[in-house]
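Structure below is model29.txt: compact mmCIF, N, CA and C atoms.
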```txt
# COMPACT_ATOMS: atom_id res chain seq x y z
N ALA A 1 -30.59 250.99 -114.14
CA ALA A 1 -30.09 252.33 -114.35
C ALA A 1 -31.16 253.23 -114.94
N LYS A 2 -32.24 252.65 -115.42
CA LYS A 2 -33.28 253.46 -116.03
C LYS A 2 -34.30 253.97 -115.02
N ASN A 3 -34.51 253.26 -113.93
CA ASN A 3 -35.50 253.64 -112.94
C ASN A 3 -34.79 254.36 -111.78
N LEU A 4 -34.63 255.67 -111.93
CA LEU A 4 -33.87 256.46 -110.98
C LEU A 4 -34.50 256.45 -109.59
N SER A 5 -35.81 256.49 -109.50
CA SER A 5 -36.46 256.51 -108.18
C SER A 5 -36.21 255.20 -107.43
N LEU A 6 -36.20 254.09 -108.14
CA LEU A 6 -35.93 252.80 -107.50
C LEU A 6 -34.47 252.71 -107.05
N ILE A 7 -33.57 253.22 -107.86
CA ILE A 7 -32.14 253.21 -107.49
C ILE A 7 -31.92 254.07 -106.24
N ARG A 8 -32.58 255.22 -106.20
CA ARG A 8 -32.45 256.09 -105.02
C ARG A 8 -33.06 255.45 -103.78
N ALA A 9 -34.16 254.73 -103.96
CA ALA A 9 -34.77 254.04 -102.82
C ALA A 9 -33.80 252.99 -102.27
N TRP A 10 -33.16 252.22 -103.16
CA TRP A 10 -32.20 251.20 -102.71
C TRP A 10 -30.96 251.84 -102.09
N LEU A 11 -30.59 253.02 -102.58
CA LEU A 11 -29.48 253.75 -101.97
C LEU A 11 -29.82 254.11 -100.53
N ARG A 12 -31.03 254.62 -100.32
CA ARG A 12 -31.44 254.97 -98.96
C ARG A 12 -31.49 253.74 -98.06
N ILE A 13 -32.02 252.63 -98.58
CA ILE A 13 -32.07 251.39 -97.79
C ILE A 13 -30.65 250.94 -97.45
N GLY A 14 -29.76 251.01 -98.43
CA GLY A 14 -28.37 250.64 -98.19
C GLY A 14 -27.70 251.52 -97.16
N LEU A 15 -27.99 252.82 -97.21
CA LEU A 15 -27.40 253.73 -96.22
C LEU A 15 -27.89 253.42 -94.82
N VAL A 16 -29.18 253.18 -94.68
CA VAL A 16 -29.73 252.85 -93.35
C VAL A 16 -29.13 251.54 -92.84
N ALA A 17 -29.10 250.52 -93.70
CA ALA A 17 -28.54 249.22 -93.30
C ALA A 17 -27.05 249.34 -92.99
N GLY A 18 -26.32 250.06 -93.84
CA GLY A 18 -24.88 250.19 -93.64
C GLY A 18 -24.53 250.94 -92.37
N VAL A 19 -25.22 252.05 -92.13
CA VAL A 19 -24.96 252.82 -90.91
C VAL A 19 -25.36 252.02 -89.68
N THR A 20 -26.44 251.27 -89.78
CA THR A 20 -26.86 250.41 -88.65
C THR A 20 -25.79 249.36 -88.35
N LEU A 21 -25.22 248.79 -89.39
CA LEU A 21 -24.17 247.77 -89.19
C LEU A 21 -22.87 248.38 -88.66
N CYS A 22 -22.72 249.68 -88.79
CA CYS A 22 -21.53 250.33 -88.23
C CYS A 22 -21.49 250.24 -86.70
N VAL A 23 -22.64 250.15 -86.07
CA VAL A 23 -22.69 250.11 -84.60
C VAL A 23 -22.00 248.85 -84.06
N PRO A 24 -22.37 247.63 -84.49
CA PRO A 24 -21.65 246.47 -83.95
C PRO A 24 -20.19 246.43 -84.37
N ILE A 25 -19.88 246.92 -85.57
CA ILE A 25 -18.48 246.95 -85.99
C ILE A 25 -17.69 247.90 -85.09
N ALA A 26 -18.28 249.05 -84.78
CA ALA A 26 -17.60 250.01 -83.90
C ALA A 26 -17.39 249.41 -82.51
N LEU A 27 -18.36 248.67 -82.02
CA LEU A 27 -18.20 248.02 -80.71
C LEU A 27 -17.07 246.99 -80.74
N ILE A 28 -16.99 246.24 -81.81
CA ILE A 28 -15.92 245.25 -81.94
C ILE A 28 -14.57 245.95 -82.02
N TRP A 29 -14.49 247.01 -82.82
CA TRP A 29 -13.23 247.74 -82.93
C TRP A 29 -12.84 248.40 -81.61
N TRP A 30 -13.84 248.86 -80.85
CA TRP A 30 -13.55 249.51 -79.57
C TRP A 30 -12.90 248.52 -78.60
N THR A 31 -13.29 247.27 -78.68
CA THR A 31 -12.75 246.26 -77.76
C THR A 31 -11.69 245.37 -78.42
N ALA A 32 -11.16 245.80 -79.55
CA ALA A 32 -10.20 244.97 -80.29
C ALA A 32 -8.96 244.66 -79.48
N ASP A 33 -8.54 245.59 -78.63
CA ASP A 33 -7.32 245.35 -77.85
C ASP A 33 -7.45 244.15 -76.92
N SER A 34 -8.66 243.89 -76.44
CA SER A 34 -8.85 242.73 -75.57
C SER A 34 -9.02 241.44 -76.37
N MET A 35 -9.34 241.56 -77.65
CA MET A 35 -9.54 240.37 -78.47
C MET A 35 -8.24 239.85 -79.10
N VAL A 36 -7.29 240.74 -79.35
CA VAL A 36 -6.08 240.34 -80.06
C VAL A 36 -5.31 239.24 -79.33
N PRO A 37 -5.07 239.34 -78.02
CA PRO A 37 -4.34 238.25 -77.37
C PRO A 37 -5.04 236.90 -77.51
N ALA A 38 -6.35 236.90 -77.40
CA ALA A 38 -7.10 235.64 -77.55
C ALA A 38 -6.99 235.11 -78.98
N LEU A 39 -7.05 236.01 -79.96
CA LEU A 39 -6.94 235.58 -81.36
C LEU A 39 -5.55 235.04 -81.67
N LEU A 40 -4.52 235.63 -81.08
CA LEU A 40 -3.17 235.15 -81.33
C LEU A 40 -2.95 233.74 -80.81
N HIS A 41 -3.62 233.40 -79.73
CA HIS A 41 -3.49 232.05 -79.17
C HIS A 41 -4.26 231.02 -79.98
N MET A 42 -5.15 231.48 -80.85
CA MET A 42 -5.93 230.56 -81.67
C MET A 42 -5.20 230.17 -82.95
N VAL A 43 -4.08 230.85 -83.26
CA VAL A 43 -3.33 230.54 -84.48
C VAL A 43 -2.67 229.18 -84.32
N PRO A 44 -2.98 228.23 -85.22
CA PRO A 44 -2.40 226.89 -85.09
C PRO A 44 -0.88 226.92 -85.16
N GLY A 45 -0.24 226.26 -84.22
CA GLY A 45 1.20 226.12 -84.22
C GLY A 45 1.95 227.33 -83.69
N SER A 46 1.26 228.35 -83.24
CA SER A 46 1.97 229.52 -82.73
C SER A 46 2.05 229.44 -81.22
N THR A 47 3.22 229.12 -80.74
CA THR A 47 3.42 229.05 -79.30
C THR A 47 4.02 230.34 -78.77
N GLU A 48 4.60 231.16 -79.66
CA GLU A 48 5.26 232.38 -79.21
C GLU A 48 4.49 233.64 -79.57
N ALA A 49 3.34 233.53 -80.19
CA ALA A 49 2.58 234.71 -80.58
C ALA A 49 1.98 235.35 -79.34
N THR A 50 2.43 236.55 -79.07
CA THR A 50 1.94 237.27 -77.89
C THR A 50 1.63 238.71 -78.25
N CYS A 51 0.86 239.32 -77.43
CA CYS A 51 0.55 240.74 -77.58
C CYS A 51 0.70 241.35 -76.20
N ASP A 52 1.82 242.05 -75.98
CA ASP A 52 2.07 242.65 -74.67
C ASP A 52 1.23 243.92 -74.51
N ASP A 53 1.47 244.63 -73.42
CA ASP A 53 0.69 245.84 -73.14
C ASP A 53 0.88 246.91 -74.21
N THR A 54 2.10 247.02 -74.73
CA THR A 54 2.36 248.00 -75.79
C THR A 54 1.58 247.66 -77.04
N CYS A 55 1.59 246.39 -77.40
CA CYS A 55 0.85 245.93 -78.57
C CYS A 55 -0.65 246.19 -78.38
N SER A 56 -1.17 245.85 -77.24
CA SER A 56 -2.60 246.08 -76.96
C SER A 56 -2.95 247.56 -77.01
N ALA A 57 -2.06 248.40 -76.50
CA ALA A 57 -2.31 249.85 -76.53
C ALA A 57 -2.33 250.37 -77.96
N LEU A 58 -1.44 249.86 -78.81
CA LEU A 58 -1.42 250.27 -80.21
C LEU A 58 -2.67 249.79 -80.95
N VAL A 59 -3.08 248.57 -80.67
CA VAL A 59 -4.30 248.04 -81.28
C VAL A 59 -5.50 248.87 -80.86
N ALA A 60 -5.58 249.20 -79.57
CA ALA A 60 -6.69 250.00 -79.06
C ALA A 60 -6.72 251.38 -79.72
N ALA A 61 -5.56 252.03 -79.78
CA ALA A 61 -5.51 253.37 -80.35
C ALA A 61 -5.90 253.35 -81.82
N TYR A 62 -5.33 252.44 -82.59
CA TYR A 62 -5.61 252.40 -84.02
C TYR A 62 -7.07 252.06 -84.30
N SER A 63 -7.57 251.02 -83.64
CA SER A 63 -8.95 250.59 -83.93
C SER A 63 -9.97 251.62 -83.45
N ARG A 64 -9.72 252.27 -82.34
CA ARG A 64 -10.68 253.26 -81.84
C ARG A 64 -10.70 254.51 -82.71
N TRP A 65 -9.54 254.97 -83.16
CA TRP A 65 -9.52 256.12 -84.07
C TRP A 65 -10.10 255.75 -85.42
N SER A 66 -10.01 254.47 -85.80
CA SER A 66 -10.54 254.02 -87.09
C SER A 66 -12.06 254.04 -87.13
N ILE A 67 -12.70 254.05 -85.97
CA ILE A 67 -14.16 254.10 -85.92
C ILE A 67 -14.69 255.36 -86.62
N LEU A 68 -13.90 256.42 -86.59
CA LEU A 68 -14.32 257.68 -87.22
C LEU A 68 -14.58 257.53 -88.72
N ARG A 69 -13.97 256.56 -89.35
CA ARG A 69 -14.11 256.43 -90.80
C ARG A 69 -15.22 255.46 -91.22
N LEU A 70 -15.87 254.82 -90.28
CA LEU A 70 -16.87 253.81 -90.64
C LEU A 70 -18.05 254.38 -91.43
N VAL A 71 -18.73 255.34 -90.88
CA VAL A 71 -19.92 255.89 -91.55
C VAL A 71 -19.54 256.58 -92.86
N PRO A 72 -18.47 257.40 -92.89
CA PRO A 72 -18.09 257.98 -94.18
C PRO A 72 -17.73 256.92 -95.23
N LEU A 73 -17.14 255.82 -94.80
CA LEU A 73 -16.81 254.75 -95.74
C LEU A 73 -18.07 254.13 -96.33
N VAL A 74 -19.08 253.89 -95.50
CA VAL A 74 -20.35 253.35 -95.99
C VAL A 74 -20.97 254.30 -97.00
N CYS A 75 -21.02 255.58 -96.65
CA CYS A 75 -21.59 256.58 -97.57
C CYS A 75 -20.81 256.62 -98.88
N GLN A 76 -19.51 256.64 -98.78
CA GLN A 76 -18.67 256.73 -99.97
C GLN A 76 -18.87 255.53 -100.89
N GLU A 77 -18.87 254.33 -100.33
CA GLU A 77 -18.99 253.13 -101.16
C GLU A 77 -20.38 253.03 -101.80
N LEU A 78 -21.42 253.35 -101.04
CA LEU A 78 -22.76 253.27 -101.60
C LEU A 78 -23.00 254.35 -102.66
N LEU A 79 -22.50 255.54 -102.42
CA LEU A 79 -22.65 256.59 -103.43
C LEU A 79 -21.81 256.29 -104.67
N ALA A 80 -20.65 255.67 -104.49
CA ALA A 80 -19.85 255.26 -105.65
C ALA A 80 -20.62 254.24 -106.49
N ALA A 81 -21.27 253.29 -105.83
CA ALA A 81 -22.08 252.31 -106.57
C ALA A 81 -23.25 252.98 -107.27
N TYR A 82 -23.85 253.99 -106.61
CA TYR A 82 -24.94 254.74 -107.22
C TYR A 82 -24.46 255.44 -108.49
N PHE A 83 -23.33 256.14 -108.40
CA PHE A 83 -22.80 256.84 -109.56
C PHE A 83 -22.40 255.88 -110.67
N GLN A 84 -21.87 254.72 -110.31
CA GLN A 84 -21.54 253.71 -111.32
C GLN A 84 -22.79 253.23 -112.03
N SER A 85 -23.87 253.05 -111.29
CA SER A 85 -25.12 252.61 -111.92
C SER A 85 -25.67 253.65 -112.89
N GLN A 86 -25.33 254.91 -112.65
CA GLN A 86 -25.75 256.00 -113.53
C GLN A 86 -24.72 256.28 -114.62
N LYS A 87 -23.65 255.50 -114.63
CA LYS A 87 -22.55 255.64 -115.59
C LYS A 87 -21.83 256.99 -115.46
N HIS A 88 -21.77 257.49 -114.22
CA HIS A 88 -21.00 258.69 -113.90
C HIS A 88 -19.67 258.24 -113.29
N MET A 89 -18.73 257.89 -114.14
CA MET A 89 -17.47 257.34 -113.66
C MET A 89 -16.43 258.42 -113.35
N ALA A 90 -16.53 259.56 -114.01
CA ALA A 90 -15.53 260.61 -113.83
C ALA A 90 -15.43 261.09 -112.38
N PRO A 91 -16.55 261.35 -111.68
CA PRO A 91 -16.42 261.80 -110.29
C PRO A 91 -15.75 260.76 -109.40
N ILE A 92 -16.04 259.49 -109.64
CA ILE A 92 -15.43 258.43 -108.83
C ILE A 92 -13.93 258.38 -109.07
N LEU A 93 -13.52 258.50 -110.33
CA LEU A 93 -12.10 258.46 -110.65
C LEU A 93 -11.37 259.66 -110.07
N VAL A 94 -11.94 260.84 -110.22
CA VAL A 94 -11.31 262.05 -109.68
C VAL A 94 -11.20 261.95 -108.16
N LEU A 95 -12.24 261.50 -107.51
CA LEU A 95 -12.20 261.37 -106.05
C LEU A 95 -11.24 260.29 -105.59
N ALA A 96 -11.10 259.23 -106.34
CA ALA A 96 -10.15 258.18 -105.98
C ALA A 96 -8.72 258.71 -106.04
N VAL A 97 -8.40 259.47 -107.07
CA VAL A 97 -7.07 260.07 -107.18
C VAL A 97 -6.86 261.09 -106.07
N PHE A 98 -7.89 261.92 -105.81
CA PHE A 98 -7.81 262.88 -104.72
C PHE A 98 -7.59 262.17 -103.38
N ALA A 99 -8.31 261.09 -103.15
CA ALA A 99 -8.19 260.35 -101.89
C ALA A 99 -6.79 259.77 -101.73
N LEU A 100 -6.26 259.20 -102.79
CA LEU A 100 -4.92 258.63 -102.73
C LEU A 100 -3.89 259.70 -102.38
N LEU A 101 -3.90 260.79 -103.12
CA LEU A 101 -2.90 261.84 -102.90
C LEU A 101 -3.07 262.53 -101.55
N SER A 102 -4.31 262.83 -101.19
CA SER A 102 -4.53 263.50 -99.90
C SER A 102 -4.25 262.57 -98.72
N ASN A 103 -4.49 261.27 -98.89
CA ASN A 103 -4.19 260.34 -97.81
C ASN A 103 -2.69 260.23 -97.59
N VAL A 104 -1.93 260.19 -98.67
CA VAL A 104 -0.47 260.16 -98.54
C VAL A 104 0.01 261.43 -97.85
N LEU A 105 -0.47 262.59 -98.30
CA LEU A 105 -0.06 263.87 -97.72
C LEU A 105 -0.45 263.96 -96.24
N LEU A 106 -1.70 263.64 -95.93
CA LEU A 106 -2.15 263.73 -94.53
C LEU A 106 -1.43 262.72 -93.63
N ASN A 107 -1.15 261.53 -94.14
CA ASN A 107 -0.38 260.57 -93.34
C ASN A 107 1.01 261.11 -93.05
N TRP A 108 1.65 261.70 -94.05
CA TRP A 108 2.98 262.27 -93.85
C TRP A 108 2.94 263.37 -92.78
N ILE A 109 1.90 264.21 -92.86
CA ILE A 109 1.79 265.31 -91.91
C ILE A 109 1.42 264.81 -90.52
N LEU A 110 0.37 263.98 -90.44
CA LEU A 110 -0.13 263.57 -89.11
C LEU A 110 0.72 262.49 -88.44
N VAL A 111 1.39 261.66 -89.20
CA VAL A 111 2.22 260.62 -88.59
C VAL A 111 3.62 261.16 -88.29
N PHE A 112 4.24 261.83 -89.27
CA PHE A 112 5.63 262.24 -89.13
C PHE A 112 5.84 263.73 -88.87
N GLY A 113 4.79 264.53 -88.99
CA GLY A 113 4.93 265.96 -88.76
C GLY A 113 5.04 266.77 -90.04
N GLY A 114 5.27 266.08 -91.16
CA GLY A 114 5.33 266.75 -92.45
C GLY A 114 6.40 267.82 -92.50
N PRO A 115 6.10 268.91 -93.18
CA PRO A 115 7.10 269.97 -93.37
C PRO A 115 7.20 270.93 -92.19
N PHE A 116 6.43 270.70 -91.15
CA PHE A 116 6.37 271.64 -90.04
C PHE A 116 7.49 271.36 -89.04
N SER A 117 8.39 272.30 -88.93
CA SER A 117 9.50 272.10 -87.99
C SER A 117 9.00 272.30 -86.56
N GLY A 118 9.52 271.50 -85.69
CA GLY A 118 9.12 271.59 -84.29
C GLY A 118 7.92 270.73 -83.93
N TRP A 119 7.25 270.18 -84.92
CA TRP A 119 6.12 269.30 -84.63
C TRP A 119 6.44 267.92 -85.17
N GLN A 120 6.36 266.93 -84.32
CA GLN A 120 6.75 265.58 -84.68
C GLN A 120 5.59 264.74 -85.20
N GLY A 121 4.41 265.31 -85.30
CA GLY A 121 3.25 264.55 -85.75
C GLY A 121 2.63 263.78 -84.59
N LEU A 122 1.62 263.02 -84.90
CA LEU A 122 0.92 262.25 -83.87
C LEU A 122 1.44 260.84 -83.74
N GLY A 123 2.30 260.45 -84.65
CA GLY A 123 2.83 259.09 -84.62
C GLY A 123 1.81 258.11 -85.17
N PHE A 124 1.78 256.96 -84.55
CA PHE A 124 0.98 255.83 -85.02
C PHE A 124 -0.49 256.17 -85.22
N VAL A 125 -1.08 256.94 -84.31
CA VAL A 125 -2.52 257.24 -84.42
C VAL A 125 -2.82 258.27 -85.50
N GLY A 126 -1.81 258.90 -86.05
CA GLY A 126 -2.03 259.85 -87.13
C GLY A 126 -2.58 259.19 -88.38
N SER A 127 -2.25 257.93 -88.60
CA SER A 127 -2.70 257.23 -89.80
C SER A 127 -4.21 257.02 -89.84
N PRO A 128 -4.84 256.46 -88.81
CA PRO A 128 -6.30 256.33 -88.89
C PRO A 128 -7.02 257.68 -88.90
N ILE A 129 -6.43 258.68 -88.27
CA ILE A 129 -7.04 260.01 -88.29
C ILE A 129 -6.98 260.59 -89.70
N ALA A 130 -5.84 260.43 -90.36
CA ALA A 130 -5.69 260.92 -91.74
C ALA A 130 -6.68 260.22 -92.66
N THR A 131 -6.80 258.92 -92.52
CA THR A 131 -7.72 258.16 -93.36
C THR A 131 -9.16 258.58 -93.10
N ALA A 132 -9.50 258.81 -91.84
CA ALA A 132 -10.86 259.25 -91.50
C ALA A 132 -11.16 260.62 -92.12
N ILE A 133 -10.20 261.53 -92.07
CA ILE A 133 -10.41 262.85 -92.66
C ILE A 133 -10.65 262.74 -94.16
N VAL A 134 -9.84 261.91 -94.83
CA VAL A 134 -9.99 261.73 -96.28
C VAL A 134 -11.35 261.11 -96.59
N ARG A 135 -11.76 260.11 -95.82
CA ARG A 135 -13.07 259.48 -96.06
C ARG A 135 -14.20 260.49 -95.86
N MET A 136 -14.08 261.34 -94.83
CA MET A 136 -15.11 262.35 -94.58
C MET A 136 -15.19 263.35 -95.73
N LEU A 137 -14.03 263.80 -96.21
CA LEU A 137 -14.02 264.74 -97.33
C LEU A 137 -14.60 264.10 -98.59
N ASN A 138 -14.21 262.87 -98.87
CA ASN A 138 -14.74 262.18 -100.05
C ASN A 138 -16.25 262.02 -99.96
N SER A 139 -16.72 261.62 -98.78
CA SER A 139 -18.17 261.46 -98.60
C SER A 139 -18.90 262.78 -98.77
N ALA A 140 -18.34 263.84 -98.22
CA ALA A 140 -18.97 265.16 -98.33
C ALA A 140 -19.06 265.60 -99.80
N VAL A 141 -17.99 265.37 -100.56
CA VAL A 141 -18.00 265.75 -101.97
C VAL A 141 -19.00 264.90 -102.74
N MET A 142 -19.05 263.59 -102.45
CA MET A 142 -20.01 262.72 -103.14
C MET A 142 -21.45 263.10 -102.80
N ILE A 143 -21.70 263.44 -101.55
CA ILE A 143 -23.05 263.86 -101.16
C ILE A 143 -23.42 265.16 -101.88
N ALA A 144 -22.48 266.08 -101.96
CA ALA A 144 -22.74 267.33 -102.67
C ALA A 144 -23.01 267.06 -104.16
N PHE A 145 -22.24 266.16 -104.76
CA PHE A 145 -22.44 265.81 -106.16
C PHE A 145 -23.79 265.14 -106.36
N TYR A 146 -24.21 264.34 -105.39
CA TYR A 146 -25.51 263.65 -105.46
C TYR A 146 -26.66 264.66 -105.47
N PHE A 147 -26.57 265.69 -104.62
CA PHE A 147 -27.66 266.64 -104.51
C PHE A 147 -27.61 267.78 -105.52
N PHE A 148 -26.41 268.03 -106.07
CA PHE A 148 -26.29 269.16 -107.00
C PHE A 148 -25.76 268.69 -108.28
```

What does the file become when written as structure tokens?
Amino acid sequence: AKNLSLIRAWLRIGLVAGVTLCVPIALIWWTADSMVPALLHMVPGSTEATCDDTCSALVAAYSRWSILRLVPLVCQELLAAYFQSQKHMAPILVLAVFALLSNVLLNWILVFGGPFSGWQGLGFVGSPIATAIVRMLNSAVMIAFYFF
């Protein structure tokens, strides 16, 4: 915590490594719908575990929309560790509370339509979109706090 330049160097290395690792994770998530049926058959003793076309479509939609949150999640977690190493706990706590409350609100709005009459929301895919938006906002605030 005393050598700020070294901590920042490791932060940059972590960001490059983390964002690089997002690529294979995104590829796996993109093809998750084709993997689920095979994984269900690997469960010991499960003779009835199946994933029909509806299940596969839901897996595909959720995992593909979840890709949007990968890079912001890496940034958020690494910057949180950076702030913890500097003993700046207040921004992390405030952002965690903000993330919790905004995620609940955005899920209510994007999944169920929230308070807007006439709009039913996006349904199932609203949840990963809401989480991605919250992760992006958290990352943006942490990046701003890092530079200013």

From a DSSP calculation on the backbone, collect every residue of chain A in alpha helix (DSSP H) and output the set as an NGL selection string.
-> :A and (4-30 or 32-41 or 53-66 or 70-85 or 89-112 or 126-147)

Neighbourhood query: residues within 10 Å of (-23.0, 262.6, -102.0), file coordinates, counting only C-alpha atoms; return as JSON, numbers by chain.
-> {"A": [75, 76, 78, 79, 80, 82, 83, 138, 139, 140, 141, 142, 143, 144, 145, 146, 147, 148]}

Save the residues we just selected, N, CA and C atoms, as a CSV table (one decimal), keeping the file's coordinate frame?
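So the final result, stored in out13.csv, reads:
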```
chain,number,residue,atom,x,y,z
A,75,CYS,N,-21.0,255.6,-96.6
A,75,CYS,CA,-21.6,256.6,-97.6
A,75,CYS,C,-20.8,256.6,-98.9
A,76,GLN,N,-19.5,256.6,-98.8
A,76,GLN,CA,-18.7,256.7,-100.0
A,76,GLN,C,-18.9,255.5,-100.9
A,78,LEU,N,-21.4,253.4,-101.0
A,78,LEU,CA,-22.8,253.3,-101.6
A,78,LEU,C,-23.0,254.4,-102.7
A,79,LEU,N,-22.5,255.5,-102.4
A,79,LEU,CA,-22.6,256.6,-103.4
A,79,LEU,C,-21.8,256.3,-104.7
A,80,ALA,N,-20.6,255.7,-104.5
A,80,ALA,CA,-19.8,255.3,-105.6
A,80,ALA,C,-20.6,254.2,-106.5
A,82,TYR,N,-23.8,254.0,-106.6
A,82,TYR,CA,-24.9,254.7,-107.2
A,82,TYR,C,-24.5,255.4,-108.5
A,83,PHE,N,-23.3,256.1,-108.4
A,83,PHE,CA,-22.8,256.8,-109.6
A,83,PHE,C,-22.4,255.9,-110.7
A,138,ASN,N,-14.2,262.9,-98.9
A,138,ASN,CA,-14.7,262.2,-100.0
A,138,ASN,C,-16.2,262.0,-100.0
A,139,SER,N,-16.7,261.6,-98.8
A,139,SER,CA,-18.2,261.5,-98.6
A,139,SER,C,-18.9,262.8,-98.8
A,140,ALA,N,-18.3,263.8,-98.2
A,140,ALA,CA,-19.0,265.2,-98.3
A,140,ALA,C,-19.1,265.6,-99.8
A,141,VAL,N,-18.0,265.4,-100.6
A,141,VAL,CA,-18.0,265.8,-102.0
A,141,VAL,C,-19.0,264.9,-102.7
A,142,MET,N,-19.0,263.6,-102.4
A,142,MET,CA,-20.0,262.7,-103.1
A,142,MET,C,-21.4,263.1,-102.8
A,143,ILE,N,-21.7,263.4,-101.6
A,143,ILE,CA,-23.0,263.9,-101.2
A,143,ILE,C,-23.4,265.2,-101.9
A,144,ALA,N,-22.5,266.1,-102.0
A,144,ALA,CA,-22.7,267.3,-102.7
A,144,ALA,C,-23.0,267.1,-104.2
A,145,PHE,N,-22.2,266.2,-104.8
A,145,PHE,CA,-22.4,265.8,-106.2
A,145,PHE,C,-23.8,265.1,-106.4
A,146,TYR,N,-24.2,264.3,-105.4
A,146,TYR,CA,-25.5,263.6,-105.5
A,146,TYR,C,-26.7,264.7,-105.5
A,147,PHE,N,-26.6,265.7,-104.6
A,147,PHE,CA,-27.7,266.6,-104.5
A,147,PHE,C,-27.6,267.8,-105.5
A,148,PHE,N,-26.4,268.0,-106.1
A,148,PHE,CA,-26.3,269.2,-107.0
A,148,PHE,C,-25.8,268.7,-108.3
```

Which value, in Å to one decimal, gives the distance between atom CA of Val71 of chain A and atom CA of Gly18 of chain A?
->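 Taking atom CA of Val71 of chain A and atom CA of Gly18 of chain A, their separation equals 7.8 Å.
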
Give as a PyMOL selection string the set of residues within 12 Å of the point (-8.1, 255.5, -85.8), where distances use the file's coordinates and only C-alpha atoms.
-> chain A and resi 26+29-30+58-70+107+110-111+122-133

Could you jot down the atom CA of Leu101 of chain A to atom CA of Val74 of chain A separation for me, Å, one decimal place?
->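 So the two atoms, atom CA of Leu101 of chain A and atom CA of Val74 of chain A, lie 20.6 Å apart.
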
Enter the distance from atom N of Phe112 of chain A to atom C of Leu73 of chain A, in Å, rounded to one decimal.
->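 Separating atom N of Phe112 of chain A from atom C of Leu73 of chain A is a distance of 24.6 Å.
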
Saved segment 83-96 of chain A from the preceding structure, C-alpha atoms, as a short mmCIF file (atom, residue, chain, number, x, y, z; two decimals), in the first residue's frame:
```
data_model
loop_
_atom_site.label_atom_id
_atom_site.label_comp_id
_atom_site.auth_asym_id
_atom_site.auth_seq_id
_atom_site.Cartn_x
_atom_site.Cartn_y
_atom_site.Cartn_z
CA PHE A 83 -9.16 1.04 -3.37
CA GLN A 84 -9.02 -1.55 -0.59
CA SER A 85 -5.24 -1.60 -0.82
CA GLN A 86 -5.29 2.18 -0.39
CA LYS A 87 -7.71 1.83 2.55
CA HIS A 88 -10.42 3.76 0.69
CA MET A 89 -13.36 1.67 1.86
CA ALA A 90 -16.09 4.33 1.77
CA PRO A 91 -16.39 4.47 -2.06
CA ILE A 92 -16.64 0.67 -2.26
CA LEU A 93 -19.34 0.57 0.41
CA VAL A 94 -21.35 3.40 -1.17
CA LEU A 95 -21.12 1.79 -4.60
CA ALA A 96 -22.11 -1.62 -3.24
#
```
